[in-house]
file input-v1.cif (mmCIF, C-alpha atoms and all ligand atoms; chains and numbers go by the auth columns)
data_my_file
loop_
_atom_site.group_PDB
_atom_site.id
_atom_site.type_symbol
_atom_site.label_atom_id
_atom_site.label_comp_id
_atom_site.label_asym_id
_atom_site.label_seq_id
_atom_site.Cartn_x
_atom_site.Cartn_y
_atom_site.Cartn_z
_atom_site.B_iso_or_equiv
_atom_site.auth_seq_id
_atom_site.auth_asym_id
ATOM 1 C CA MET A 1 0.000 0.000 0.000 0.00 84 A
ATOM 2 C CA GLY A 2 1.280 3.439 -0.851 0.00 85 A
ATOM 3 C CA ARG A 3 2.123 5.590 2.094 0.00 86 A
ATOM 4 C CA SER A 4 2.478 8.911 0.386 0.00 87 A
ATOM 5 C CA GLY A 5 -0.321 11.382 0.016 0.00 88 A
ATOM 6 C CA THR A 6 -2.778 12.881 2.402 0.00 89 A
ATOM 7 C CA HIS A 7 -4.458 9.931 4.000 0.00 90 A
ATOM 8 C CA PRO A 8 -5.933 11.042 7.338 0.00 91 A
ATOM 9 C CA GLY A 9 -4.145 8.232 9.150 0.00 92 A
ATOM 10 C CA ILE A 10 -0.860 9.661 8.015 0.00 93 A
ATOM 11 C CA ALA A 11 -1.931 13.173 8.891 0.00 94 A
ATOM 12 C CA LEU A 12 -2.645 11.851 12.400 0.00 95 A
ATOM 13 C CA GLY A 13 0.789 10.304 12.636 0.00 96 A
ATOM 14 C CA LEU A 14 -0.403 6.706 12.503 0.00 97 A
ATOM 15 C CA LEU A 15 2.354 5.656 10.123 0.00 98 A
ATOM 16 C CA SER A 16 3.288 2.733 12.317 0.00 99 A
ATOM 17 C CA ARG A 17 -0.130 1.174 11.798 0.00 100 A
ATOM 18 C CA PRO A 18 -1.078 0.363 8.228 0.00 101 A
ATOM 19 C CA GLN A 19 -4.542 1.566 7.353 0.00 102 A
ATOM 20 C CA THR A 20 -5.695 -1.665 5.737 0.00 103 A
ATOM 21 C CA ARG A 21 -4.430 -5.174 6.293 0.00 104 A
ATOM 22 C CA PRO A 22 -6.509 -7.417 4.049 0.00 105 A
ATOM 23 C CA GLU A 23 -5.046 -10.505 5.685 0.00 106 A
ATOM 24 C CA ASP A 24 -6.532 -9.582 9.080 0.00 107 A
ATOM 25 C CA PRO A 25 -9.280 -11.990 10.169 0.00 108 A
ATOM 26 C CA VAL A 26 -11.534 -9.332 11.741 0.00 109 A
ATOM 27 C CA ASP A 27 -13.060 -6.420 9.896 0.00 110 A
ATOM 28 C CA ILE A 28 -16.088 -4.166 10.295 0.00 111 A
ATOM 29 C CA PRO A 29 -18.554 -6.474 8.488 0.00 112 A
ATOM 30 C CA LEU A 30 -17.497 -9.361 10.721 0.00 113 A
ATOM 31 C CA ALA A 31 -18.132 -7.262 13.833 0.00 114 A
ATOM 32 C CA HIS A 32 -21.616 -6.519 12.485 0.00 115 A
ATOM 33 C CA ARG A 33 -22.273 -10.173 11.685 0.00 116 A
ATOM 34 C CA TRP A 34 -21.241 -11.237 15.178 0.00 117 A
ATOM 35 C CA LEU A 35 -23.552 -8.766 16.897 0.00 118 A
ATOM 36 C CA ASP A 36 -26.462 -9.654 14.589 0.00 119 A
ATOM 37 C CA ALA A 37 -25.852 -13.343 15.308 0.00 120 A
ATOM 38 C CA VAL A 38 -25.916 -12.583 19.048 0.00 121 A
ATOM 39 C CA ALA A 39 -29.231 -10.743 18.603 0.00 122 A
ATOM 40 C CA HIS A 40 -30.698 -13.815 16.891 0.00 123 A
ATOM 41 C CA ALA A 41 -29.232 -16.245 19.418 0.00 124 A
ATOM 42 C CA VAL A 42 -30.552 -14.438 22.498 0.00 125 A
ATOM 43 C CA ALA A 43 -33.966 -13.967 20.862 0.00 126 A
ATOM 44 C CA ASP A 44 -34.111 -17.690 20.006 0.00 127 A
ATOM 45 C CA ARG A 45 -33.061 -18.666 23.532 0.00 128 A
ATOM 46 C CA ALA A 46 -34.944 -15.928 25.375 0.00 129 A
ATOM 47 C CA ASP A 47 -37.356 -18.343 27.062 0.00 130 A
ATOM 48 C CA HIS A 48 -34.502 -20.523 28.253 0.00 131 A
ATOM 49 C CA LEU A 49 -32.561 -17.533 29.625 0.00 132 A
ATOM 50 C CA THR A 50 -35.665 -16.262 31.377 0.00 133 A
ATOM 51 C CA GLN A 51 -36.400 -19.699 32.855 0.00 134 A
ATOM 52 C CA LEU A 52 -32.896 -19.858 34.286 0.00 135 A
ATOM 53 C CA ASP A 53 -33.319 -16.345 35.691 0.00 136 A
ATOM 54 C CA SER A 54 -36.698 -17.240 37.188 0.00 137 A
ATOM 55 C CA ALA A 55 -35.012 -19.957 39.277 0.00 138 A
ATOM 56 C CA ILE A 56 -32.364 -17.723 40.869 0.00 139 A
ATOM 57 C CA GLY A 57 -33.277 -14.175 39.825 0.00 140 A
ATOM 58 C CA ASP A 58 -36.210 -12.135 38.602 0.00 141 A
ATOM 59 C CA ALA A 59 -37.023 -13.805 35.279 0.00 142 A
ATOM 60 C CA ASP A 60 -35.983 -10.947 33.003 0.00 143 A
ATOM 61 C CA HIS A 61 -32.637 -12.013 31.526 0.00 144 A
ATOM 62 C CA GLY A 62 -34.067 -13.275 28.218 0.00 145 A
ATOM 63 C CA VAL A 63 -36.227 -10.182 27.828 0.00 146 A
ATOM 64 C CA ASN A 64 -33.372 -7.860 28.803 0.00 147 A
ATOM 65 C CA LEU A 65 -30.937 -9.282 26.278 0.00 148 A
ATOM 66 C CA THR A 66 -33.454 -9.699 23.475 0.00 149 A
ATOM 67 C CA ARG A 67 -34.415 -6.056 23.781 0.00 150 A
ATOM 68 C CA GLY A 68 -30.818 -4.933 24.221 0.00 151 A
ATOM 69 C CA PHE A 69 -29.305 -6.752 21.248 0.00 152 A
ATOM 70 C CA ALA A 70 -32.274 -5.918 19.006 0.00 153 A
ATOM 71 C CA ALA A 71 -31.532 -2.281 19.862 0.00 154 A
ATOM 72 C CA VAL A 72 -27.863 -2.900 18.999 0.00 155 A
ATOM 73 C CA SER A 73 -28.776 -4.273 15.560 0.00 156 A
ATOM 74 C CA GLU A 74 -31.030 -1.272 15.029 0.00 157 A
ATOM 75 C CA ALA A 75 -28.352 1.189 16.170 0.00 158 A
ATOM 76 C CA LEU A 76 -25.863 -0.357 13.730 0.00 159 A
ATOM 77 C CA GLU A 77 -28.209 -0.172 10.754 0.00 160 A
ATOM 78 C CA GLY A 78 -27.124 2.703 8.581 0.00 161 A
ATOM 79 C CA TYR A 79 -24.188 3.467 10.892 0.00 162 A
ATOM 80 C CA ASP A 80 -20.921 4.090 9.059 0.00 163 A
ATOM 81 C CA PRO A 81 -18.136 2.980 11.408 0.00 164 A
ATOM 82 C CA GLN A 82 -14.540 3.859 10.567 0.00 165 A
ATOM 83 C CA THR A 83 -13.012 1.183 12.778 0.00 166 A
ATOM 84 C CA VAL A 84 -13.895 -2.249 14.156 0.00 167 A
ATOM 85 C CA GLY A 85 -13.889 -0.598 17.552 0.00 168 A
ATOM 86 C CA ASP A 86 -16.565 1.916 16.508 0.00 169 A
ATOM 87 C CA VAL A 87 -18.993 -0.972 16.005 0.00 170 A
ATOM 88 C CA PHE A 88 -18.413 -2.371 19.483 0.00 171 A
ATOM 89 C CA VAL A 89 -18.379 1.019 21.219 0.00 172 A
ATOM 90 C CA ARG A 90 -21.762 1.804 19.695 0.00 173 A
ATOM 91 C CA ALA A 91 -23.082 -1.641 20.661 0.00 174 A
ATOM 92 C CA GLY A 92 -21.873 -1.184 24.233 0.00 175 A
ATOM 93 C CA ALA A 93 -23.360 2.288 24.583 0.00 176 A
ATOM 94 C CA THR A 94 -26.678 0.966 23.267 0.00 177 A
ATOM 95 C CA LEU A 95 -26.733 -1.909 25.765 0.00 178 A
ATOM 96 C CA ILE A 96 -25.955 0.462 28.624 0.00 179 A
ATOM 97 C CA SER A 97 -28.786 2.790 27.652 0.00 180 A
ATOM 98 C CA LYS A 98 -31.393 0.139 26.751 0.00 181 A
ATOM 99 C CA VAL A 99 -31.000 -2.682 29.264 0.00 182 A
ATOM 100 C CA GLY A 100 -32.177 -2.167 32.805 0.00 183 A
ATOM 101 C CA GLY A 101 -30.836 -5.258 34.558 0.00 184 A
ATOM 102 C CA ALA A 102 -27.323 -5.829 35.825 0.00 185 A
ATOM 103 C CA SER A 103 -26.449 -7.492 32.546 0.00 186 A
ATOM 104 C CA GLY A 104 -26.968 -4.294 30.482 0.00 187 A
ATOM 105 C CA PRO A 105 -24.220 -2.211 32.088 0.00 188 A
ATOM 106 C CA LEU A 106 -21.993 -5.292 32.381 0.00 189 A
ATOM 107 C CA TYR A 107 -22.246 -6.389 28.744 0.00 190 A
ATOM 108 C CA GLY A 108 -22.344 -2.742 27.693 0.00 191 A
ATOM 109 C CA SER A 109 -19.069 -1.991 29.457 0.00 192 A
ATOM 110 C CA ALA A 110 -17.556 -5.143 28.014 0.00 193 A
ATOM 111 C CA PHE A 111 -18.374 -4.238 24.423 0.00 194 A
ATOM 112 C CA ARG A 112 -17.313 -0.644 24.941 0.00 195 A
ATOM 113 C CA ALA A 113 -13.947 -1.774 26.288 0.00 196 A
ATOM 114 C CA ILE A 114 -13.587 -4.266 23.428 0.00 197 A
ATOM 115 C CA GLY A 115 -14.262 -1.410 21.020 0.00 198 A
ATOM 116 C CA LYS A 116 -11.808 0.976 22.627 0.00 199 A
ATOM 117 C CA ALA A 117 -9.096 -1.643 22.213 0.00 200 A
ATOM 118 C CA LEU A 118 -9.649 -1.955 18.440 0.00 201 A
ATOM 119 C CA PRO A 119 -8.783 1.378 16.805 0.00 202 A
ATOM 120 C CA GLY A 120 -8.204 0.122 13.261 0.00 203 A
ATOM 121 C CA PRO A 121 -10.419 -0.832 10.310 0.00 204 A
ATOM 122 C CA THR A 122 -9.301 -4.460 10.784 0.00 205 A
ATOM 123 C CA CYS A 123 -7.524 -6.390 13.510 0.00 206 A
ATOM 124 C CA THR A 124 -5.473 -9.514 14.038 0.00 207 A
ATOM 125 C CA ALA A 125 -6.524 -12.457 16.171 0.00 208 A
ATOM 126 C CA THR A 126 -4.011 -11.379 18.812 0.00 209 A
ATOM 127 C CA GLU A 127 -5.425 -7.860 18.914 0.00 210 A
ATOM 128 C CA PHE A 128 -8.938 -9.264 19.123 0.00 211 A
ATOM 129 C CA GLY A 129 -7.922 -11.553 22.005 0.00 212 A
ATOM 130 C CA ALA A 130 -6.481 -8.594 23.904 0.00 213 A
ATOM 131 C CA ALA A 131 -9.714 -6.683 23.268 0.00 214 A
ATOM 132 C CA LEU A 132 -11.798 -9.572 24.626 0.00 215 A
ATOM 133 C CA ARG A 133 -9.615 -9.489 27.731 0.00 216 A
ATOM 134 C CA ALA A 134 -10.144 -5.726 28.079 0.00 217 A
ATOM 135 C CA GLY A 135 -13.882 -6.472 27.980 0.00 218 A
ATOM 136 C CA LEU A 136 -13.537 -9.037 30.748 0.00 219 A
ATOM 137 C CA ASP A 137 -11.513 -6.571 32.818 0.00 220 A
ATOM 138 C CA ALA A 138 -14.302 -4.010 32.404 0.00 221 A
ATOM 139 C CA VAL A 139 -16.912 -6.522 33.607 0.00 222 A
ATOM 140 C CA GLN A 140 -14.817 -7.353 36.643 0.00 223 A
ATOM 141 C CA ARG A 141 -14.096 -3.697 37.426 0.00 224 A
ATOM 142 C CA LEU A 142 -17.785 -2.876 37.334 0.00 225 A
ATOM 143 C CA GLY A 143 -19.228 -6.005 38.930 0.00 226 A
ATOM 144 C CA ALA A 144 -16.338 -7.077 41.173 0.00 227 A
ATOM 145 C CA ALA A 145 -17.050 -10.749 40.455 0.00 228 A
ATOM 146 C CA SER A 146 -14.273 -13.323 40.464 0.00 229 A
ATOM 147 C CA PRO A 147 -14.315 -16.751 38.853 0.00 230 A
ATOM 148 C CA GLY A 148 -16.388 -19.043 41.089 0.00 231 A
ATOM 149 C CA ASP A 149 -18.952 -16.380 42.050 0.00 232 A
ATOM 150 C CA LYS A 150 -21.538 -17.877 39.635 0.00 233 A
ATOM 151 C CA THR A 151 -21.756 -15.039 37.137 0.00 234 A
ATOM 152 C CA MET A 152 -21.043 -14.357 33.478 0.00 235 A
ATOM 153 C CA VAL A 153 -17.365 -14.148 34.500 0.00 236 A
ATOM 154 C CA ASP A 154 -17.375 -17.944 34.912 0.00 237 A
ATOM 155 C CA ALA A 155 -18.004 -18.308 31.182 0.00 238 A
ATOM 156 C CA TYR A 156 -16.204 -15.177 29.980 0.00 239 A
ATOM 157 C CA ALA A 157 -12.874 -15.725 31.779 0.00 240 A
ATOM 158 C CA PRO A 158 -12.249 -19.261 30.459 0.00 241 A
ATOM 159 C CA ALA A 159 -13.407 -18.183 26.997 0.00 242 A
ATOM 160 C CA VAL A 160 -10.824 -15.383 26.841 0.00 243 A
ATOM 161 C CA ALA A 161 -8.095 -17.685 28.155 0.00 244 A
ATOM 162 C CA ALA A 162 -8.959 -20.333 25.567 0.00 245 A
ATOM 163 C CA PHE A 163 -9.100 -17.772 22.762 0.00 246 A
ATOM 164 C CA GLN A 164 -5.663 -16.435 23.648 0.00 247 A
ATOM 165 C CA LEU A 165 -4.119 -19.880 24.099 0.00 248 A
ATOM 166 C CA ALA A 166 -5.482 -21.618 21.013 0.00 249 A
ATOM 167 C CA GLU A 167 -3.507 -21.601 17.790 0.00 250 A
ATOM 168 C CA GLU A 168 -4.664 -19.601 14.807 0.00 251 A
ATOM 169 C CA PRO A 169 -6.597 -19.502 12.545 0.00 252 A
ATOM 170 C CA PHE A 170 -9.098 -17.145 14.109 0.00 253 A
ATOM 171 C CA ALA A 171 -11.977 -19.597 13.664 0.00 254 A
ATOM 172 C CA ALA A 172 -10.117 -22.215 15.736 0.00 255 A
ATOM 173 C CA LYS A 173 -9.523 -19.674 18.501 0.00 256 A
ATOM 174 C CA ALA A 174 -13.197 -18.672 18.457 0.00 257 A
ATOM 175 C CA SER A 175 -14.267 -22.300 18.543 0.00 258 A
ATOM 176 C CA ALA A 176 -11.975 -22.985 21.531 0.00 259 A
ATOM 177 C CA ALA A 177 -13.445 -19.937 23.272 0.00 260 A
ATOM 178 C CA ALA A 178 -17.002 -21.156 22.645 0.00 261 A
ATOM 179 C CA ALA A 179 -16.193 -24.599 24.048 0.00 262 A
ATOM 180 C CA ALA A 180 -14.574 -23.071 27.142 0.00 263 A
ATOM 181 C CA ALA A 181 -17.517 -20.715 27.700 0.00 264 A
ATOM 182 C CA ASP A 182 -19.907 -23.651 27.443 0.00 265 A
ATOM 183 C CA GLU A 183 -17.892 -25.623 29.981 0.00 266 A
ATOM 184 C CA GLY A 184 -17.686 -22.596 32.289 0.00 267 A
ATOM 185 C CA MET A 185 -21.435 -22.121 31.986 0.00 268 A
ATOM 186 C CA ARG A 186 -22.072 -25.738 33.007 0.00 269 A
ATOM 187 C CA ALA A 187 -19.728 -25.398 35.963 0.00 270 A
ATOM 188 C CA THR A 188 -21.914 -22.622 37.412 0.00 271 A
ATOM 189 C CA VAL A 189 -24.601 -25.198 38.288 0.00 272 A
ATOM 190 C CA ALA A 190 -22.601 -26.413 41.276 0.00 273 A
ATOM 191 C CA MET A 191 -21.599 -22.931 42.455 0.00 274 A
ATOM 192 C CA GLN A 192 -23.160 -20.782 45.120 0.00 275 A
ATOM 193 C CA ALA A 193 -23.836 -17.251 43.895 0.00 276 A
ATOM 194 C CA ARG A 194 -21.773 -14.561 45.571 0.00 277 A
ATOM 195 C CA LYS A 195 -22.641 -11.640 43.276 0.00 278 A
ATOM 196 C CA GLY A 196 -25.814 -10.221 41.809 0.00 279 A
ATOM 197 C CA ARG A 197 -29.422 -11.024 42.582 0.00 280 A
ATOM 198 C CA ALA A 198 -28.841 -14.782 42.843 0.00 281 A
ATOM 199 C CA SER A 199 -26.532 -14.213 45.835 0.00 282 A
ATOM 200 C CA TYR A 200 -29.615 -13.304 47.923 0.00 283 A
ATOM 201 C CA LEU A 201 -30.560 -16.994 47.752 0.00 284 A
ATOM 202 C CA GLY A 202 -27.336 -18.110 49.411 0.00 285 A
ATOM 203 C CA PRO A 203 -27.003 -21.906 49.329 0.00 286 A
ATOM 204 C CA ARG A 204 -30.345 -22.204 47.518 0.00 287 A
ATOM 205 C CA SER A 205 -28.640 -20.834 44.407 0.00 288 A
ATOM 206 C CA VAL A 206 -26.672 -24.102 44.129 0.00 289 A
ATOM 207 C CA GLY A 207 -28.007 -26.543 41.535 0.00 290 A
ATOM 208 C CA HIS A 208 -29.052 -23.893 38.987 0.00 291 A
ATOM 209 C CA GLN A 209 -27.183 -22.728 35.902 0.00 292 A
ATOM 210 C CA ASP A 210 -26.355 -19.027 35.904 0.00 293 A
ATOM 211 C CA PRO A 211 -28.324 -17.064 33.296 0.00 294 A
ATOM 212 C CA GLY A 212 -25.512 -14.603 32.562 0.00 295 A
ATOM 213 C CA ALA A 213 -22.945 -17.367 32.080 0.00 296 A
ATOM 214 C CA THR A 214 -25.458 -18.960 29.721 0.00 297 A
ATOM 215 C CA SER A 215 -25.845 -15.807 27.609 0.00 298 A
ATOM 216 C CA THR A 216 -22.052 -15.389 27.538 0.00 299 A
ATOM 217 C CA SER A 217 -21.818 -18.910 26.154 0.00 300 A
ATOM 218 C CA LEU A 218 -24.332 -17.935 23.440 0.00 301 A
ATOM 219 C CA ILE A 219 -22.231 -14.872 22.601 0.00 302 A
ATOM 220 C CA PHE A 220 -19.042 -16.911 22.105 0.00 303 A
ATOM 221 C CA THR A 221 -20.897 -19.613 20.191 0.00 304 A
ATOM 222 C CA ALA A 222 -22.163 -16.874 17.865 0.00 305 A
ATOM 223 C CA LEU A 223 -18.570 -15.683 17.362 0.00 306 A
ATOM 224 C CA ALA A 224 -17.465 -19.224 16.494 0.00 307 A
ATOM 225 C CA GLU A 225 -20.372 -19.617 14.083 0.00 308 A
ATOM 226 C CA VAL A 226 -19.821 -16.372 12.193 0.00 309 A
ATOM 227 C CA THR A 227 -16.068 -16.909 11.914 0.00 310 A
ATOM 228 C CA ALA A 228 -16.203 -20.570 10.877 0.00 311 A
ATOM 229 C CA GLY A 229 -14.963 -20.532 7.321 0.00 312 A
ATOM 230 C CA THR A 230 -13.150 -17.178 7.526 0.00 313 A
ATOM 231 C CA PRO A 231 -9.855 -17.355 5.668 0.00 314 A
ATOM 232 C CA LEU A 232 -6.761 -18.515 7.489 0.00 315 A
ATOM 233 C CA ALA A 233 -4.693 -15.635 8.800 0.00 316 A
ATOM 234 C CA GLY A 234 -1.951 -14.971 6.297 0.00 317 A
ATOM 235 C CA ASP A 235 -3.774 -16.632 3.396 0.00 318 A
ATOM 236 C CA PRO A 236 -3.511 -14.717 0.145 0.00 319 A
HETATM 237 P P1 LIG B . -30.670 -8.577 36.947 0.00 401 B
HETATM 238 O O1 LIG B . -29.923 -9.520 37.833 0.00 401 B
HETATM 239 O O2 LIG B . -30.487 -7.157 37.337 0.00 401 B
HETATM 240 O O3 LIG B . -32.116 -8.966 36.791 0.00 401 B
HETATM 241 P P2 LIG B . -30.115 -9.877 34.439 0.00 401 B
HETATM 242 O O4 LIG B . -31.152 -10.848 34.846 0.00 401 B
HETATM 243 O O5 LIG B . -30.252 -9.318 33.073 0.00 401 B
HETATM 244 O O6 LIG B . -29.996 -8.698 35.494 0.00 401 B
HETATM 245 O O7 LIG B . -28.677 -10.567 34.508 0.00 401 B
HETATM 246 C C1 LIG B . -28.355 -11.466 35.520 0.00 401 B
HETATM 247 C C2 LIG B . -26.953 -11.986 35.279 0.00 401 B
HETATM 248 O O8 LIG B . -26.022 -10.930 35.418 0.00 401 B
HETATM 249 C C3 LIG B . -26.520 -13.026 36.276 0.00 401 B
HETATM 250 O O9 LIG B . -26.940 -14.321 35.892 0.00 401 B
HETATM 251 C C4 LIG B . -25.007 -12.880 36.307 0.00 401 B
HETATM 252 O O10 LIG B . -24.398 -13.724 35.355 0.00 401 B
HETATM 253 C C5 LIG B . -24.796 -11.455 35.873 0.00 401 B
HETATM 254 N N1 LIG B . -24.329 -10.660 37.002 0.00 401 B
HETATM 255 C C6 LIG B . -25.055 -10.141 37.997 0.00 401 B
HETATM 256 N N2 LIG B . -24.264 -9.451 38.850 0.00 401 B
HETATM 257 C C7 LIG B . -23.000 -9.568 38.362 0.00 401 B
HETATM 258 C C8 LIG B . -21.722 -9.072 38.773 0.00 401 B
HETATM 259 N N3 LIG B . -21.580 -8.319 39.869 0.00 401 B
HETATM 260 N N4 LIG B . -20.638 -9.378 38.016 0.00 401 B
HETATM 261 C C9 LIG B . -20.766 -10.129 36.894 0.00 401 B
HETATM 262 N N5 LIG B . -21.951 -10.604 36.458 0.00 401 B
HETATM 263 C C10 LIG B . -23.041 -10.345 37.186 0.00 401 B
HETATM 264 MG MG MG B . -32.727 -10.782 36.084 0.00 402 B
#

call {"tool": "encode", "arguments": {"input": "input-v1.cif", "output": "structure tokens"}}
result
Amino acid sequence: MGRSGTHPGIALGLLSRPQTRPEDPVDIPLAHRWLDAVAHAVADRADHLTQLDSAIGDADHGVNLTRGFAAVSEALEGYDPQTVGDVFVRAGATLISKVGGASGPLYGSAFRAIGKALPGPTCTATEFGAALRAGLDAVQRLGAASPGDKTMVDAYAPAVAAFQLAEEPFAAKASAAAAAADEGMRATVAMQARKGRASYLGPRSVGHQDPGATSTSLIFTALAEVTAGTPLAGDP
């Protein structure tokens, strides 16, 4: 790619970061596809999420996320992002403003942090992994939950670890993350809730799968599904 001329990236002194890297596995359309797939997945599984939340919460998780991610899809329609991060920042801001429950600010902060970590029009798998970790950090800063507290962190933390550990291509990393999130979700059944509404139940929260860990598993499964078949990093 030519580097002369008046490209705004050059004007801003971003010479060290090429403007376009066609070999990168993540671009703006992929970010859109992931969020749309999440909107479909949570709508399809809304009853299940709400059932889980009725056992140890207030039966609104499916409704919360269906409304929130439908609003995300709507907010992204006709939006002209300049970077991958723009897509996620807008998604996060929408979730924060549209979802009342704990999960709105938590997922909203996660996506906003993911977005802030991705300032280019494309990104590598490594950059995306670091962004996912920034999202997890944001969830933990806001909610103060640790692994084992029976929250979305129990699916999100192993998913990020698996994504970062797995070998490329991107699709293999996403698939490893989805499997780890699913396993983390299942492990919440045996846990006693120490954060969020479910913690009010004390030991009676044991024996139920956490709704937020379940939606996090859906989110990573959606990522694996939309990236299955993306070209290998470095392919021509
Ligand atoms: P609310 O609990 O306000 O009704 P939701 O039902 O939408 O909100 O979401 C509940 C989920 O949010 C829980 O299953 C849990 O995974 C997650 N959650 C709640 N509190 C926290 C927290 N402090 N940190 C991380 N996740 C949390
Ligand atoms: Mg709830």

call {"tool": "closest_residue", "arguments": {"input": "input-v1.cif", "among": "A:Leu189, A:Ile139, A:Ala120, A:Val109", "to": "A:Ser282", "atoms": "only C-alpha atoms"}}
result
A:Ile139

call {"tool": "closest_residue", "arguments": {"input": "input-v1.cif", "among": "A:Asp265, A:Asp163, A:Asp232, A:Glu106", "to": "ligand LIG 401 (chain B)", "atoms": "all atoms listed in the file"}}
result
A:Asp232

call {"tool": "atom_distance", "arguments": {"input": "input-v1.cif", "atom1": "atom CA of A:Ala200", "atom2": "atom CA of A:Ala214"}}
result
5.2 Å

call {"tool": "residues_around", "arguments": {"input": "input-v1.cif", "residues": "A:His291", "least_positions_apart": "4", "cutoff": "12 Å", "atoms": "only C-alpha atoms", "output": "list in words"}}
result
Leu132, Gln134, Leu135, Asp136, Ser137, Ala138, Ile139, Gly140, Lys233, Thr234, Met268, Arg269, Ala270, Thr271, Val272, Ala273, Met274, Gln275, Ala276, Ala281, Leu284, Pro286, Arg287, Gly295, Ala296 and Thr297 of chain A

call {"tool": "atom_distance", "arguments": {"input": "input-v1.cif", "atom1": "atom CA of A:Thr177", "atom2": "atom CA of A:Thr103"}}
result
27.5 Å

call {"tool": "residues_near_ligand", "arguments": {"input": "input-v1.cif", "ligand": "ligand MG 402 (chain B)", "cutoff": "7 Å", "atoms": "only C-alpha atoms and all ligand atoms", "output": "ChimeraX atom specification"}}
result
/A:136,140-144,184

call {"tool": "axis_aligned_box", "arguments": {"input": "input-v1.cif", "around": "ligand LIG 401 (chain B)", "padding_each_side": "8 Å", "output": "JSON"}}
result
{"center_x": -26.4, "center_y": -10.7, "center_z": 36.5, "size_x": 27.5, "size_y": 23.2, "size_z": 22.8}

call {"tool": "residues_around", "arguments": {"input": "input-v1.cif", "residues": "A:Glu210", "least_positions_apart": "3", "cutoff": "12 Å", "atoms": "all atoms listed in the file", "output": "compact mmCIF listing (two decimals) with C-alpha atoms, keeping the file's coordinate frame"}}
result
# COMPACT_ATOMS: atom_id res chain seq x y z
CA ASP A 107 -6.53 -9.58 9.08
CA PRO A 108 -9.28 -11.99 10.17
CA VAL A 109 -11.53 -9.33 11.74
CA ASP A 110 -13.06 -6.42 9.90
CA VAL A 167 -13.90 -2.25 14.16
CA GLY A 168 -13.89 -0.60 17.55
CA ILE A 197 -13.59 -4.27 23.43
CA GLY A 198 -14.26 -1.41 21.02
CA LYS A 199 -11.81 0.98 22.63
CA ALA A 200 -9.10 -1.64 22.21
CA LEU A 201 -9.65 -1.96 18.44
CA PRO A 202 -8.78 1.38 16.80
CA GLY A 203 -8.20 0.12 13.26
CA THR A 205 -9.30 -4.46 10.78
CA CYS A 206 -7.52 -6.39 13.51
CA THR A 207 -5.47 -9.51 14.04
CA ALA A 213 -6.48 -8.59 23.90
CA ALA A 214 -9.71 -6.68 23.27
CA LEU A 215 -11.80 -9.57 24.63
CA ARG A 216 -9.62 -9.49 27.73
CA ALA A 217 -10.14 -5.73 28.08
CA PHE A 246 -9.10 -17.77 22.76
CA GLN A 247 -5.66 -16.43 23.65
CA PHE A 253 -9.10 -17.14 14.11

call {"tool": "closest_residue", "arguments": {"input": "input-v1.cif", "among": "A:Leu148, A:Leu248, A:Leu178, A:Ala264", "to": "ligand LIG 401 (chain B)", "atoms": "only C-alpha atoms and all ligand atoms"}}
result
A:Leu148

call {"tool": "atom_distance", "arguments": {"input": "input-v1.cif", "atom1": "atom CA of A:Ala238", "atom2": "atom CA of A:Arg195"}}
result
18.7 Å

call {"tool": "residues_around", "arguments": {"input": "input-v1.cif", "residues": "A:Val236", "least_positions_apart": "2", "cutoff": "12 Å", "atoms": "all atoms listed in the file", "output": "number ranges by chain"}}
result
A: 186, 189-190, 193, 216, 218-234, 238-244, 263-264, 267-268, 270-271, 276-279, 293-300

call {"tool": "closest_residue", "arguments": {"input": "input-v1.cif", "among": "A:Ala245, A:Leu301, A:Val182, A:Val155", "to": "ligand LIG 401 (chain B)", "atoms": "all atoms listed in the file"}}
result
A:Val182

call {"tool": "closest_residue", "arguments": {"input": "input-v1.cif", "among": "A:Pro164, A:Gly191, A:Gly145, A:Gly212", "to": "ligand LIG 401 (chain B)", "atoms": "only C-alpha atoms and all ligand atoms"}}
result
A:Gly145

call {"tool": "closest_residue", "arguments": {"input": "input-v1.cif", "among": "A:Val172, A:Ala260, A:Ile179, A:Ala185", "to": "A:Arg280", "atoms": "all atoms listed in the file"}}
result
A:Ala185
